[in-house]
Structure formats: structure tokens, C-alpha cells
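The block underneath contains the structure these notes are about, expressed in C-alpha cells.
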Amino acid sequence: MESPEESTRRYFVYLPNVPLAIVSLVVFILFTIYLSVRIHRSRSRKFLYILPITALMEAIGYLIRILCSTGGTSLGKYIAMTFFLLLPPNALALVNYKALGEVVRLSNVPAKNFFLHPKFITWFFFSSDIFSFMLQGSGGGLMASIESAQIGKTIALVGLAVQLFFFASFAFITVYVHKSPKYNYIVEGQTNPKEKMVRSLYITLILLYIRSIYRVAEFATDHGGVIAAAEWAFYVFDTLAIAVSFVAYCIYFMGNYLPKRDAINRDISSATISSVSSSDELTRAENGIEMRPSDKMKFTHNNI
């Protein structure tokens, strides 16, 4: 019967460093708490809750890694750990896609090219992210079994290659929007919100790209390869890259550079009142009823 240490080495090649895993666990728990509180208190857009959820997934992944190191590793544990550590960056990419889509939408620039339409930026890249997510998840699960490891490696590599391609495509659109003076918008209390938003996008895109390249190299050199057997490489090119991405999301907090939830609700209410006012005026005109000055003042006041 295998000892806990032998079972762990069979899946990891090495014994995972417990202190490093504990530090990573604590760091991502802190990111989860901080971002959840900040998003809630600032009444930022709801899609930003993806950030603390992703940090929580990372924390769960490192918790499982600790359990694997201290109590032995089973196939179920390894698959769960792979899922929670391999896939969260896809969620961070989704936040970036949605943020850039909002920058384009708020700028109110007519989309001459389909790839500059806000919905295309968000949903096309979101769909590619889900596709890549599914490939990486299924490939990572198959790699945990010796019999299907080669097939799993190929599927995971395809998923990572798809992710790298769409990251590069998204980076191109980000640079175009950043350099074009047409794309600009105003957020109350912020000077040049687009510039600060783009800084967050650039930093995190570069870090996520580095992390994806590392994962491609890891899978390409097989389970027992030089890269897969080097735990320091995992902590430098995966853990540190994702952690610094979260630091960037905290420093350049996207919620500051987009309209708040209550501001959006006010805009919708104003638009509704304006629509009702226009409809009422049209009805009065069709019926030959002249609108009193007091009524006009009332509608004008409501629209402010």
C-alpha cells in the first residue's frame, strides 16, 4: 500500500512546500475579503464580484494543495486542486473583457468595425474564454490519470493555445481603444478614467499572458519534465503572476473608473421620465391641448 508521501510524489513529482502554500492561501483569502468589501461599499458594478470569487477559488486550490502534502494525494484531490488553480485566470480575463466593453459603450462611438462593438468585445471573448476553460478543465482532469495523461496533455495544450490567441487579439483591441482619442468618457470624481482603466488592463494582460506561456511550457515538457518538477517555477510564473494581477486590480480599482450602480439606475430613471414626458407632450399636441408653463417646468425639473 502506498504511503501518503509516495502517493503525493506520484502526482506532483515532488512534495509540495507547505509553508509556501499556506502563505498563498492567506494572501488570496485577504484578496477575497478586501475586494468583496470594497466592491460592496463603493457600489461598483456587479461583474467585479468575479474578482473576489476568483481569489476564493485560488485560496481553495492552495488549501487542497496543503491537504495533498500533509495527508497524501488521491485522484479526486489532484483533479480538484488542478481545477481551482488552473482555471481562475480565465475568470480574470472575463473581467477585462467586460471592462473594455464598458469603456467602448460609455464612449458612444459608432462601431464601424464589428470587433469594436461593445457586445462583441464582451460576448465573443467571453465565449472563447468558456471554450478555453472547458478544454483546460477536461485536459487537466485527464492528465491526473496515467492511462489518459497524453490525451489530457494535448487537450489542455489546445485550450491554452486558444487562450493565448484570444489574449493577443484582445490586447490588440485594447491598444487601439487606448490610442484612439475618440474613445473617452466621464466618470464623476475621476480625471481621465480611461487611462487608469487601461493601465489595469495592460498590467493584468501581460501577467496572465506570462502565466499562460508557463502553463504551455509545463504541459509540453510532460508530467515529469524539468518545468513540471520545479516547484519554484510554479510559484514564480503562476502564483506570483496571479497575485500581482490582484494587486493591480486593487491599486487600479476598476470600480472607480466606471459609473456606479446607483448612477446607472438614476440614468435609467431619467430616461424613463424623459420618455414619459415626451409621450405626454405628444398626446396633448395631438388632442389640441396646449401645455401649461407649470407643466413644462415640472417635466423640465424631473429630467434634471
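If you're wondering about the labels, chains in the C-alpha cells are A, B, ... by order shown, residues count from 1 in each chain, ligands from 1 in order shown.
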
Inset, instruction - For Val18 of chain A, list every protein, DNA or RNA residue within 12 Å, evaluated using only C-alpha atoms, and leave out those in the same chain fewer than 5 positions away; present the list as a PyMOL selection string. - result: chain A and resi 23-25+62-71+231

Legend entry - Residues near Tyr202 of chain A, cut-off 12 Å, only C-alpha atoms, skip fewer than 6 positions along chain, as a PyMOL selection string: chain A and resi 93+96+100+167-168+170-175+178+195-196+208-209+245+248-249+252

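The list of residues with at least one atom within 7 Å of Arg261 of chain A, based on only C-alpha atoms and without residues fewer than 6 positions apart in the same chain, reads A:Arg43, A:Ser44, A:Arg45.
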
Preceding selection exported with all heavy atoms as a PDB file, in the first residue's frame:
```pdb
ATOM      1  N   ARG A  43     -20.310  50.436  -4.121  1.00  0.00           N
ATOM      2  CA  ARG A  43     -21.442  50.198  -5.016  1.00  0.00           C
ATOM      3  C   ARG A  43     -20.969  50.117  -6.471  1.00  0.00           C
ATOM      4  O   ARG A  43     -21.591  50.670  -7.391  1.00  0.00           O
ATOM      5  CB  ARG A  43     -22.527  51.274  -4.853  1.00  0.00           C
ATOM      6  CG  ARG A  43     -23.154  51.310  -3.477  1.00  0.00           C
ATOM      7  CD  ARG A  43     -24.418  52.157  -3.422  1.00  0.00           C
ATOM      8  NE  ARG A  43     -25.424  51.687  -4.348  1.00  0.00           N
ATOM      9  CZ  ARG A  43     -26.205  50.622  -4.154  1.00  0.00           C
ATOM     10  NH1 ARG A  43     -26.059  49.889  -3.061  1.00  0.00           N
ATOM     11  NH2 ARG A  43     -27.096  50.277  -5.054  1.00  0.00           N
ATOM     12  N   SER A  44     -19.867  49.397  -6.666  1.00  0.00           N
ATOM     13  CA  SER A  44     -19.314  49.212  -8.003  1.00  0.00           C
ATOM     14  C   SER A  44     -20.147  48.198  -8.785  1.00  0.00           C
ATOM     15  O   SER A  44     -21.000  47.504  -8.228  1.00  0.00           O
ATOM     16  CB  SER A  44     -17.861  48.745  -7.912  1.00  0.00           C
ATOM     17  OG  SER A  44     -17.069  49.723  -7.271  1.00  0.00           O
ATOM     18  N   ARG A  45     -19.865  48.095 -10.067  1.00  0.00           N
ATOM     19  CA  ARG A  45     -20.618  47.206 -10.938  1.00  0.00           C
ATOM     20  C   ARG A  45     -20.513  45.765 -10.461  1.00  0.00           C
ATOM     21  O   ARG A  45     -19.469  45.305  -9.997  1.00  0.00           O
ATOM     22  CB  ARG A  45     -20.078  47.326 -12.365  1.00  0.00           C
ATOM     23  CG  ARG A  45     -20.154  48.757 -12.914  1.00  0.00           C
ATOM     24  CD  ARG A  45     -21.579  49.178 -13.184  1.00  0.00           C
ATOM     25  NE  ARG A  45     -22.152  48.345 -14.220  1.00  0.00           N
ATOM     26  CZ  ARG A  45     -21.934  48.535 -15.509  1.00  0.00           C
ATOM     27  NH1 ARG A  45     -21.168  49.534 -15.940  1.00  0.00           N
ATOM     28  NH2 ARG A  45     -22.483  47.739 -16.409  1.00  0.00           N
TER      29      ARG A  45
END
```

Legend entry - Pick from A:Ile213, A:Gly76, A:Gly137, A:Glu188, whichever lies nearest to Phe165 of chain A using only C-alpha atoms: A:Ile213

Inset, instruction - Just give me the gap between atom CA of Val247 of chain A and atom CA of Ala233 of chain A in Å, one decimal is fine. - result: 20.0 Å

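Relative to atom CA of Leu116 of chain A, atom CA of Lys194 of chain A is found at 15.7 Å.
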
Legend entry - atom CA of Pro193 of chain A to atom CA of Pro88 of chain A, straight-line distance in Å: 26.5 Å
